[in-house]
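> Pasting in a structure now, in structure tokens, and then I'll have a few things to ask.
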Amino acid sequence: MKPLKNWDNLANGFTFKQIYPLGWGSLSGKPHLGLDKIAPSGTPIYMPFTGKVVATFGSESGYMATIYPAGKSIVIRLMHGKQAFKSGNFNEGDLIGYVGSTGASTSPHVHVDISQGSVNINNINNFINPATFDWGEGANMPDINAMNNLLNAHQNRLNELFTEDKKKGKIAVLISDVSNLKKNQTVSGMTKDEVKALILEVLKEAFK
Ligand SMILES: [Zn+2]
């Protein structure tokens with residue numbers, strides 16, 4: 001999930017690849033490698049993925065959370081928190097901090113940057129644009145691997161149930177594609193909710 005509720009309705013401040021103006025200390029003339037989301041001070045910030053948070057404070061970052069999502073080779077940083085972020089292991093959706101204006105910030109916002117593997121501020125190619133990043137909108141979908149195992153384990157039963165090969169084929173495609181499905185995207189002409197409904201329908205029939 002995204003780190004703030006109402007994310008899509010919040011205004012963007014600096015966006016990815018803008019250059020800091022002169023007079024911004026050590027940031028002067030350097031690329032802004034994140035996305036600034038403007039939100040009222042005190043707006044709750046949630047854990048976007050299950051994983052670990054390391055809370056720090058820096059003169060430019062202010063209160064910062066460095067997030068290491070479990071099983072993903074990315075690092076997410078959230079900056080300018082109102083107070084120290086929580087540290088430790090958290091589940092997706094846990095409250096970890098609040099929007100503020102600490103560090104190199106002139107008004108309340110959260111700076112979000114995402115890097116591949118590890119944070120390397122000298123390599124712009126290492127950064128992923130948070131505005132186009134897949135925040136795992138499919139995270140509430142049933143576990144795809146678990147469903148695949150379930151379907152494989154009950155293939156004979158499914159074969160009995162679905163004598164129409166066409167439908168079986170469609171389910172297989174949906175399950176392999178659904179992990180990449182983003183909000184508002186469709187697969188085989190179906191929305192995420194329709195895919196979810198179809199998969200659940202199949203599983204329900206399989207275990208009657
Ligand atoms: Zn920023």
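The chains in the structure tokens are called A, B, ... from first to last as shown; in each chain the residues are counted from 1, and the ligands are counted from 1 in the order shown.
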Around ligand 1, at most 9 Å away and counting only C-alpha atoms and all ligand atoms, which residues are there? Put them as a list in words, please.

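Counting only C-alpha atoms and all ligand atoms, the residues within 9 Å of ligand 1 come out as Gly13, Phe14, Thr15, Phe16, His32, Leu33, Gly34, Leu35, Asp36, Lys37, Ser61, Met79, His80, Ala104, Ser105, His109, Val110, His111, Val112 and Asp113 of chain A.
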
> Find the residues around Gly51 of chain A up to 6 Å (only C-alpha atoms counted), leave out those fewer than 5 positions away in its own chain, and share them as a PyMOL selection string.

chain A and resi 68-70+89-90

> Find the spatial neighbours of Met47 of chain A, counting only C-alpha atoms, within a cut-off of 6 Å - ignore same-chain residues fewer than 5 positions away - and output them as a short mmCIF file (atom, residue, chain, number, x, y, z; two decimals) with N, CA and C atoms, in the first residue's frame.


```cif
data_model
loop_
_atom_site.label_atom_id
_atom_site.label_comp_id
_atom_site.auth_asym_id
_atom_site.auth_seq_id
_atom_site.Cartn_x
_atom_site.Cartn_y
_atom_site.Cartn_z
N GLU A 92 2.54 -4.60 6.89
CA GLU A 92 1.95 -3.63 5.98
C GLU A 92 0.74 -3.00 6.66
N GLY A 93 0.67 -1.65 6.61
CA GLY A 93 -0.48 -0.95 7.19
C GLY A 93 -0.28 -0.48 8.61
N ASP A 94 0.80 -0.92 9.26
CA ASP A 94 1.07 -0.44 10.63
C ASP A 94 1.44 1.05 10.60
#
```

> With distances taken over only C-alpha atoms, which of A:Asn120, A:Thr66, A:Ser107, A:Thr102 is nearest to Ser87 of chain A?

A:Thr66

> Contacts of segment 54-57 of chain A at 10 Å or less, counting only C-alpha atoms, minus same-chain residues fewer than 2 places along, as a list in words?

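My reading of the contact set: Lys52, Ser59, Glu60, Ser61, Gly62, Tyr63, Met64, Ala65, Thr66, Ile67, Tyr68, Arg77, Leu78, Met79, His80, Gly81, Gln83, Ala84, Phe85, Lys86, Ser87, Gly88, Asn89, Ile96, Gly97, Thr102 and Gly103 of chain A.
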
> Pick out the residues sitting within 8 Å of Pro40 of chain A, and hand them over as a count of residues only; count only C-alpha atoms, and ignore anything fewer than 5 positions along from it in its own chain.

4

> Please provide as a PDB file with C-alpha atoms, in the first residue's frame all residues within 12 Å of Asn125 of chain A, with the sequence filter that same-chain residues fewer than 3 positions apart are discarded (counting only C-alpha atoms).


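Full text of result-v2.pdb as output:
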```pdb
ATOM      1  CA  PHE A  16      11.490  13.135  -9.264  1.00  0.00           C
ATOM      2  CA  LYS A  17      14.510  14.508 -11.159  1.00  0.00           C
ATOM      3  CA  PRO A  31      18.965  16.136  -8.325  1.00  0.00           C
ATOM      4  CA  LEU A  33      15.674  11.835  -6.218  1.00  0.00           C
ATOM      5  CA  ILE A 114      12.864   4.369  -3.531  1.00  0.00           C
ATOM      6  CA  SER A 115      16.133   2.804  -4.591  1.00  0.00           C
ATOM      7  CA  GLN A 116      17.021  -0.570  -5.992  1.00  0.00           C
ATOM      8  CA  GLY A 117      19.166  -2.792  -3.811  1.00  0.00           C
ATOM      9  CA  SER A 118      20.664  -0.064  -1.672  1.00  0.00           C
ATOM     10  CA  VAL A 119      20.623   3.708  -1.501  1.00  0.00           C
ATOM     11  CA  ASN A 120      23.346   5.172  -3.717  1.00  0.00           C
ATOM     12  CA  ILE A 121      22.770   8.891  -4.124  1.00  0.00           C
ATOM     13  CA  ASN A 122      25.537   9.116  -6.739  1.00  0.00           C
ATOM     14  CA  ILE A 128      12.784   4.366  -8.874  1.00  0.00           C
ATOM     15  CA  ASN A 129      10.196   7.092  -9.406  1.00  0.00           C
TER      16      ASN A 129
END
```

> Which residues, written as a PyMOL selection string, have at least one atom at most 6 Å from Pro48 of chain A, with only C-alpha atoms counted and residues fewer than 6 positions away on the same chain left out?

chain A and resi 1-3+92

> With only C-alpha atoms as the atoms that count, which of A:Ser73, A:Asn126, A:Gln18, A:Asn9 lies nearest to Ala39 of chain A?

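Using only C-alpha atoms, Ala39 of chain A sits closest to A:Asn9.
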
> Measuring between only C-alpha atoms, which one of A:Thr132, A:Thr50, A:Asn123, A:Asn91 shows the shortest distance to Asp8 of chain A?

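Checking each candidate against Asp8 of chain A, we get A:Thr132 as the closest.
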
> From the DSSP assignment of the backbone, select every residue of segment 17-149 of chain A that is strand (DSSP E or B), and format the answer as number ranges by chain.

A: 18-19, 31-32, 35-38, 44-46, 51-58, 62-69, 74-81, 88-90, 95-100, 109-116, 127-128

> Just give me the gap between atom CA of Phe133 of chain A and atom CA of Val53 of chain A in Å, one decimal is fine.

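So the two atoms, atom CA of Phe133 of chain A and atom CA of Val53 of chain A, lie 19.4 Å apart.
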
> Between atom CA of Ile124 of chain A and atom CA of Ser26 of chain A, measure the distance and give it in Å to one decimal.

16.7 Å

> Hey, which of A:Pro44, A:Pro21, A:Gly29, A:Gly136 ends up closest to Asn6 of chain A? Count only C-alpha atoms.

A:Pro44

> Rank nothing, just name the residue among A:Gly58, A:Trp24, A:Pro130, A:Ser101 nearest to Ile76 of chain A, using only C-alpha atoms.

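Selected residue with least distance to Ile76 of chain A: A:Pro130.
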